[in-house]
Amino acid sequence: MENRVLYTQENNFTYLVNEAIGELWDEREEGFTISRIDNAKLYWCKLCSPEHSKAIVVVNGRIESCWKYQELFYELFQHGYDIYSFDHRGQGLSDRLVKDHEMGYVYDFNDYIEDMSQLLQSFGLDNYHKKYLLAHSMGSTISTRYLQTYTNHDFDAVGLIAPMYGIPFPLWLQPFAIPTAQIATAFSSKPSYAPGYSKYYAMPFVDNRLSQSELRYSWFRDLYESKPELKVGGPSVRWVWQGLMAAKQCLQMSRHIQAPVLIIQGGNDKIVSNRSQNKFFNKLKKTNFQCEMLCIDDARHEILFEQDRYRNQALNRLLDFFDSH
């Protein structure tokens with residue numbers, strides 16, 4: 001394994017995020033693409049250098065935004081990659097879809113996939129020597145469904161971080177989750193939060209289940225306070241139904257993915273189902289002989305916002321995987 005050193009570490013994070021990371025972020029190109037589905041405005045950004053011949057498309061998770069990934073974009077850029085990313089419909093700087101702008105909502109999960117296809121076309125990646133896809137959580141679900149739908153894509157390899165292939169319901173409840181969410185959606189006269197969820201709430205660090213890095217966690221929460229238009233709260237009932245259906249399709253159609261795939265799992269992830277990730281990987285490897293999986297013991301869901309000891313492992317394995325393809 002290559003000894004990589006171009007990562008931010010917690011002991012220099014604050015300095016770099018206010019200096020080199022911030023300076024690179026200020027050089028981004030950004031804009032909006034009008035969705036061909038419903039004319040929703042989709043925010044995108046890119047960081048490019050004429051010296052780079054490789055590109056990474058970063059697909060973020062639920063409630064996230066490109067703005068949250070400034071540290072990662074900086075590191076990937078230092079390793080010679082141009083960066084392309086976007087905000088999903090209903091979150092970040094893209095158009096919100098319902099009256100309550102903090103509700104996580106999508107009408108049809110396939111809308112995410114079609115948006116991604118349209119944005120990838122608009123990015124114009126054909127001139128790159130190598131092209132990679134990197135996705136987190138819900139972004140991994142969207143990316144998996146994209147790969148299954150558009151099998152003629154030209155990504156050289158794919159990295160999926162804590163992919164949402166299921167939610168950690170009790171085993172006895174799992175058979176009822178999708179029909180219950182579907183029925184609840186059918187009987188809702190207007191979009192409503194899923195039971196137990198509400199508007200955006202900044203969970204105190206001591207209670208959070210996302211990361212053990214207080215520095216990175218606090219930075220992202222402070223970012224959302226300084227830029228409140230990024231805030232997204234709990235999912236709607238419809239989002240839960242659509243998300244669970246998409247996760248099920250990911251597992252059912254694993255054979256359609258032939259690109260090299262690396263799955264990185266947080267050993268202490270309480271947000272998505274590791275059991276479903278294992279099921280997906282065990283099924284995928286029967287038809288895809290270029291897939292690998294890494295479980296990082298004790299890491300929580302947001303592995304790329306974790307403490308250095310977990311995050312460094314993930315980045316080393318990810319970049320080695322991309323280098324090998």
# chains A, B, ... in the order shown; residues from 1 in each chain; ligands from 1

$ residues_around --residues "Gln121 (chain A)" --least-positions-apart "4" --cutoff "12 Å" --atoms "only C-alpha atoms" --output "list in words"
Thr33, Val57, Tyr84, Glu114, Asp115, Met116, Ser117, Leu125, Asp126, His153 and Asp154 of chain A

$ write_last_selection --atoms "C-alpha atoms" --output "PDB file, in the first residue's frame"
ATOM      1  CA  THR A  33     -28.991  22.553 -14.150  1.00  0.00           C
ATOM      2  CA  VAL A  57     -17.846  12.317  -9.181  1.00  0.00           C
ATOM      3  CA  TYR A  84     -17.535  17.003  -9.730  1.00  0.00           C
ATOM      4  CA  GLU A 114     -32.550  10.619 -13.764  1.00  0.00           C
ATOM      5  CA  ASP A 115     -31.141  13.817 -12.232  1.00  0.00           C
ATOM      6  CA  MET A 116     -27.779  12.098 -11.805  1.00  0.00           C
ATOM      7  CA  SER A 117     -27.807  10.883 -15.407  1.00  0.00           C
ATOM      8  CA  LEU A 125     -16.288  13.759 -18.631  1.00  0.00           C
ATOM      9  CA  ASP A 126     -15.307  12.089 -21.913  1.00  0.00           C
ATOM     10  CA  HIS A 153     -21.639   3.952 -18.147  1.00  0.00           C
ATOM     11  CA  ASP A 154     -17.885   4.447 -18.376  1.00  0.00           C
TER      12      ASP A 154
END

$ closest_atom_pairs --of "region 226-324 of chain A" --to "region 86-97 of chain A" --cutoff "12 Å" --atoms "only C-alpha atoms" --output "tab-separated table"
residue	atom	partner	partner_atom	distance
A:Lys227	CA	A:Gly92	CA	10.0
A:Pro228	CA	A:Gly92	CA	9.7
A:Glu229	CA	A:Leu93	CA	7.0
A:Leu230	CA	A:Gly92	CA	4.6
A:Lys231	CA	A:Gly92	CA	7.1
A:Val232	CA	A:Gln91	CA	6.4
A:Gly233	CA	A:Gln91	CA	9.7
A:Gly234	CA	A:Gln91	CA	11.5
A:Pro235	CA	A:Gly90	CA	10.7
A:Ser236	CA	A:Gly90	CA	11.3
A:Trp239	CA	A:Gly90	CA	10.8

$ write_last_selection --atoms "N, CA, C and O atoms" --output "JSON list (two decimals), in the first residue's frame"
[["chain", "number", "residue", "atom", "x", "y", "z"],
["A", 227, "LYS", "N", -25.11, 28.77, 7.20],
["A", 227, "LYS", "CA", -25.76, 28.71, 5.87],
["A", 227, "LYS", "C", -27.05, 27.89, 6.03],
["A", 227, "LYS", "O", -27.13, 26.74, 5.56],
["A", 228, "PRO", "N", -28.06, 28.45, 6.69],
["A", 228, "PRO", "CA", -29.25, 27.67, 7.06],
["A", 228, "PRO", "C", -30.04, 27.13, 5.89],
["A", 228, "PRO", "O", -30.84, 26.20, 6.08],
["A", 229, "GLU", "N", -29.83, 27.67, 4.69],
["A", 229, "GLU", "CA", -30.54, 27.12, 3.53],
["A", 229, "GLU", "C", -30.11, 25.69, 3.20],
["A", 229, "GLU", "O", -30.75, 25.00, 2.40],
["A", 230, "LEU", "N", -29.03, 25.21, 3.84],
["A", 230, "LEU", "CA", -28.58, 23.83, 3.63],
["A", 230, "LEU", "C", -29.33, 22.83, 4.51],
["A", 230, "LEU", "O", -29.27, 21.62, 4.28],
["A", 231, "LYS", "N", -30.03, 23.31, 5.51],
["A", 231, "LYS", "CA", -30.62, 22.42, 6.51],
["A", 231, "LYS", "C", -31.72, 21.53, 5.94],
["A", 231, "LYS", "O", -32.58, 21.98, 5.19],
["A", 232, "VAL", "N", -31.66, 20.26, 6.31],
["A", 232, "VAL", "CA", -32.72, 19.30, 6.01],
["A", 232, "VAL", "C", -32.98, 18.51, 7.29],
["A", 232, "VAL", "O", -32.04, 18.07, 7.96],
["A", 233, "GLY", "N", -34.24, 18.31, 7.60],
["A", 233, "GLY", "CA", -34.60, 17.57, 8.80],
["A", 233, "GLY", "C", -34.91, 16.12, 8.50],
["A", 233, "GLY", "O", -34.27, 15.48, 7.65],
["A", 234, "GLY", "N", -35.92, 15.59, 9.15],
["A", 234, "GLY", "CA", -36.26, 14.18, 9.01],
["A", 234, "GLY", "C", -36.90, 13.86, 7.67],
["A", 234, "GLY", "O", -37.36, 14.74, 6.94],
["A", 235, "PRO", "N", -36.94, 12.57, 7.33],
["A", 235, "PRO", "CA", -37.54, 12.15, 6.06],
["A", 235, "PRO", "C", -39.06, 12.14, 6.14],
["A", 235, "PRO", "O", -39.65, 11.96, 7.22],
["A", 236, "SER", "N", -39.68, 12.31, 5.00],
["A", 236, "SER", "CA", -41.14, 12.18, 4.92],
["A", 236, "SER", "C", -41.50, 10.69, 4.86],
["A", 236, "SER", "O", -40.65, 9.83, 4.59],
["A", 239, "TRP", "N", -40.68, 9.51, 1.43],
["A", 239, "TRP", "CA", -39.25, 9.25, 1.21],
["A", 239, "TRP", "C", -38.86, 7.88, 1.77],
["A", 239, "TRP", "O", -38.10, 7.14, 1.14]]

$ select_by_dssp --residues "region 17-189 of chain A" --states "helix (DSSP H, G or I)" --output "PyMOL selection string"
chain A and resi 17-18+20-26+66-78+109-123+138-149+174-186

$ select_by_dssp --residues "region 167-291 of chain A" --states "strand (DSSP E)" --output "list in words"
Val261, Leu262, Ile263, Ile264, Gln265, Gly266 and Cys291 of chain A

$ write_last_selection --atoms "C-alpha atoms" --output "PDB file, in the first residue's frame"
ATOM      1  CA  VAL A 261     -16.762  -1.866  -6.656  1.00  0.00           C
ATOM      2  CA  LEU A 262     -15.317  -1.184  -3.218  1.00  0.00           C
ATOM      3  CA  ILE A 263     -17.739  -1.073  -0.281  1.00  0.00           C
ATOM      4  CA  ILE A 264     -16.497   0.523   2.941  1.00  0.00           C
ATOM      5  CA  GLN A 265     -18.542  -0.278   6.016  1.00  0.00           C
ATOM      6  CA  GLY A 266     -18.545   1.337   9.438  1.00  0.00           C
ATOM      7  CA  CYS A 291     -15.612  -6.217  -5.920  1.00  0.00           C
TER       8      CYS A 291
END

$ residues_around --residues "Tyr69 (chain A)" --least-positions-apart "2" --cutoff "12 Å" --atoms "only C-alpha atoms" --output "PyMOL selection string"
chain A and resi 17+21-22+25+45-46+58-61+64-67+71-76+83-87+92+134-136+216+219-220+223+302+304-305

$ write_last_selection --atoms "N, CA and C atoms" --output "mmCIF file, in the first residue's frame"
data_model
loop_
_atom_site.group_PDB
_atom_site.id
_atom_site.type_symbol
_atom_site.label_atom_id
_atom_site.label_comp_id
_atom_site.auth_asym_id
_atom_site.auth_seq_id
_atom_site.Cartn_x
_atom_site.Cartn_y
_atom_site.Cartn_z
ATOM 1 N N VAL A 17 -8.856 24.254 7.059
ATOM 2 C CA VAL A 17 -10.202 24.560 6.566
ATOM 3 C C VAL A 17 -10.390 26.071 6.427
ATOM 4 N N ILE A 21 -7.945 24.740 2.350
ATOM 5 C CA ILE A 21 -9.218 24.127 1.949
ATOM 6 C C ILE A 21 -10.196 25.203 1.502
ATOM 7 N N GLY A 22 -10.300 26.249 2.311
ATOM 8 C CA GLY A 22 -11.196 27.344 1.966
ATOM 9 C C GLY A 22 -10.799 28.051 0.688
ATOM 10 N N TRP A 25 -11.824 25.879 -2.232
ATOM 11 C CA TRP A 25 -13.283 25.910 -2.352
ATOM 12 C C TRP A 25 -13.742 27.206 -3.020
ATOM 13 N N CYS A 45 -21.275 21.650 -8.590
ATOM 14 C CA CYS A 45 -20.007 22.372 -8.501
ATOM 15 C C CYS A 45 -18.893 21.477 -9.024
ATOM 16 N N LYS A 46 -17.764 22.106 -9.373
ATOM 17 C CA LYS A 46 -16.610 21.337 -9.826
ATOM 18 C C LYS A 46 -15.334 22.086 -9.491
ATOM 19 N N VAL A 58 -18.547 12.854 -6.916
ATOM 20 C CA VAL A 58 -18.904 12.579 -5.525
ATOM 21 C C VAL A 58 -20.412 12.762 -5.364
ATOM 22 N N VAL A 59 -21.069 11.711 -4.863
ATOM 23 C CA VAL A 59 -22.525 11.709 -4.703
ATOM 24 C C VAL A 59 -22.837 11.632 -3.214
ATOM 25 N N ASN A 60 -23.354 12.721 -2.665
ATOM 26 C CA ASN A 60 -23.532 12.792 -1.218
ATOM 27 C C ASN A 60 -24.815 12.114 -0.739
ATOM 28 N N GLY A 61 -24.964 12.059 0.586
ATOM 29 C CA GLY A 61 -26.079 11.342 1.184
ATOM 30 C C GLY A 61 -27.248 12.235 1.553
ATOM 31 N N GLU A 64 -27.297 16.008 3.046
ATOM 32 C CA GLU A 64 -25.964 16.571 2.808
ATOM 33 C C GLU A 64 -25.962 17.560 1.646
ATOM 34 N N SER A 65 -24.809 18.182 1.451
ATOM 35 C CA SER A 65 -24.588 19.141 0.371
ATOM 36 C C SER A 65 -23.126 19.092 -0.035
ATOM 37 N N CYS A 66 -22.846 19.522 -1.255
ATOM 38 C CA CYS A 66 -21.457 19.667 -1.692
ATOM 39 C C CYS A 66 -20.662 20.497 -0.693
ATOM 40 N N TRP A 67 -21.292 21.506 -0.106
ATOM 41 C CA TRP A 67 -20.601 22.400 0.818
ATOM 42 C C TRP A 67 -20.006 21.648 2.002
ATOM 43 N N GLU A 71 -13.436 19.455 2.741
ATOM 44 C CA GLU A 71 -12.200 18.789 3.164
ATOM 45 C C GLU A 71 -11.856 17.646 2.217
ATOM 46 N N LEU A 72 -12.816 16.788 1.931
ATOM 47 C CA LEU A 72 -12.579 15.653 1.036
ATOM 48 C C LEU A 72 -12.211 16.130 -0.366
ATOM 49 N N PHE A 73 -12.931 17.121 -0.872
ATOM 50 C CA PHE A 73 -12.619 17.633 -2.210
ATOM 51 C C PHE A 73 -11.168 18.122 -2.274
ATOM 52 N N TYR A 74 -10.730 18.810 -1.239
ATOM 53 C CA TYR A 74 -9.358 19.317 -1.185
ATOM 54 C C TYR A 74 -8.358 18.159 -1.252
ATOM 55 N N GLU A 75 -8.596 17.121 -0.468
ATOM 56 C CA GLU A 75 -7.661 15.988 -0.432
ATOM 57 C C GLU A 75 -7.618 15.267 -1.777
ATOM 58 N N LEU A 76 -8.780 15.013 -2.356
ATOM 59 C CA LEU A 76 -8.812 14.334 -3.655
ATOM 60 C C LEU A 76 -8.140 15.178 -4.730
ATOM 61 N N ILE A 83 -12.770 17.241 -9.410
ATOM 62 C CA ILE A 83 -13.922 16.883 -8.585
ATOM 63 C C ILE A 83 -15.193 17.439 -9.200
ATOM 64 N N TYR A 84 -16.201 16.598 -9.297
ATOM 65 C CA TYR A 84 -17.535 17.003 -9.730
ATOM 66 C C TYR A 84 -18.531 16.515 -8.680
ATOM 67 N N SER A 85 -19.471 17.374 -8.317
ATOM 68 C CA SER A 85 -20.469 16.966 -7.330
ATOM 69 C C SER A 85 -21.738 17.777 -7.522
ATOM 70 N N PHE A 86 -22.798 17.398 -6.819
ATOM 71 C CA PHE A 86 -24.088 18.071 -6.970
ATOM 72 C C PHE A 86 -24.949 17.799 -5.740
ATOM 73 N N ASP A 87 -25.965 18.637 -5.582
ATOM 74 C CA ASP A 87 -26.930 18.459 -4.499
ATOM 75 C C ASP A 87 -28.192 17.819 -5.066
ATOM 76 N N GLY A 92 -29.754 20.531 0.119
ATOM 77 C CA GLY A 92 -28.639 21.392 -0.248
ATOM 78 C C GLY A 92 -29.141 22.670 -0.888
ATOM 79 N N LEU A 134 -17.725 8.060 -6.442
ATOM 80 C CA LEU A 134 -17.597 7.918 -4.994
ATOM 81 C C LEU A 134 -18.894 8.397 -4.359
ATOM 82 N N ALA A 135 -19.528 7.543 -3.571
ATOM 83 C CA ALA A 135 -20.838 7.886 -3.028
ATOM 84 C C ALA A 135 -20.952 7.470 -1.567
ATOM 85 N N HIS A 136 -21.825 8.181 -0.855
ATOM 86 C CA HIS A 136 -22.043 7.916 0.569
ATOM 87 C C HIS A 136 -23.523 7.694 0.851
ATOM 88 N N ARG A 216 -14.767 17.551 13.380
ATOM 89 C CA ARG A 216 -15.430 17.523 12.080
ATOM 90 C C ARG A 216 -16.947 17.642 12.237
ATOM 91 N N TRP A 219 -17.785 21.246 12.975
ATOM 92 C CA TRP A 219 -17.602 22.086 11.796
ATOM 93 C C TRP A 219 -18.819 21.994 10.879
ATOM 94 N N PHE A 220 -19.305 20.776 10.654
ATOM 95 C CA PHE A 220 -20.436 20.626 9.731
ATOM 96 C C PHE A 220 -21.710 21.219 10.327
ATOM 97 N N LEU A 223 -21.400 24.942 9.968
ATOM 98 C CA LEU A 223 -21.629 25.307 8.578
ATOM 99 C C LEU A 223 -23.120 25.472 8.310
ATOM 100 N N GLU A 302 -20.716 8.136 9.226
ATOM 101 C CA GLU A 302 -20.052 9.110 8.359
ATOM 102 C C GLU A 302 -18.537 8.901 8.431
ATOM 103 N N LEU A 304 -16.158 9.300 6.367
ATOM 104 C CA LEU A 304 -15.300 10.354 5.820
ATOM 105 C C LEU A 304 -15.335 11.627 6.668
ATOM 106 N N PHE A 305 -16.077 11.602 7.773
ATOM 107 C CA PHE A 305 -16.078 12.691 8.750
ATOM 108 C C PHE A 305 -15.721 12.151 10.136
#

$ closest_residue --among "A:Gln118, A:Gln182, A:Asn316, A:Gln252" --to "Ser276 (chain A)" --atoms "only C-alpha atoms"
A:Gln252
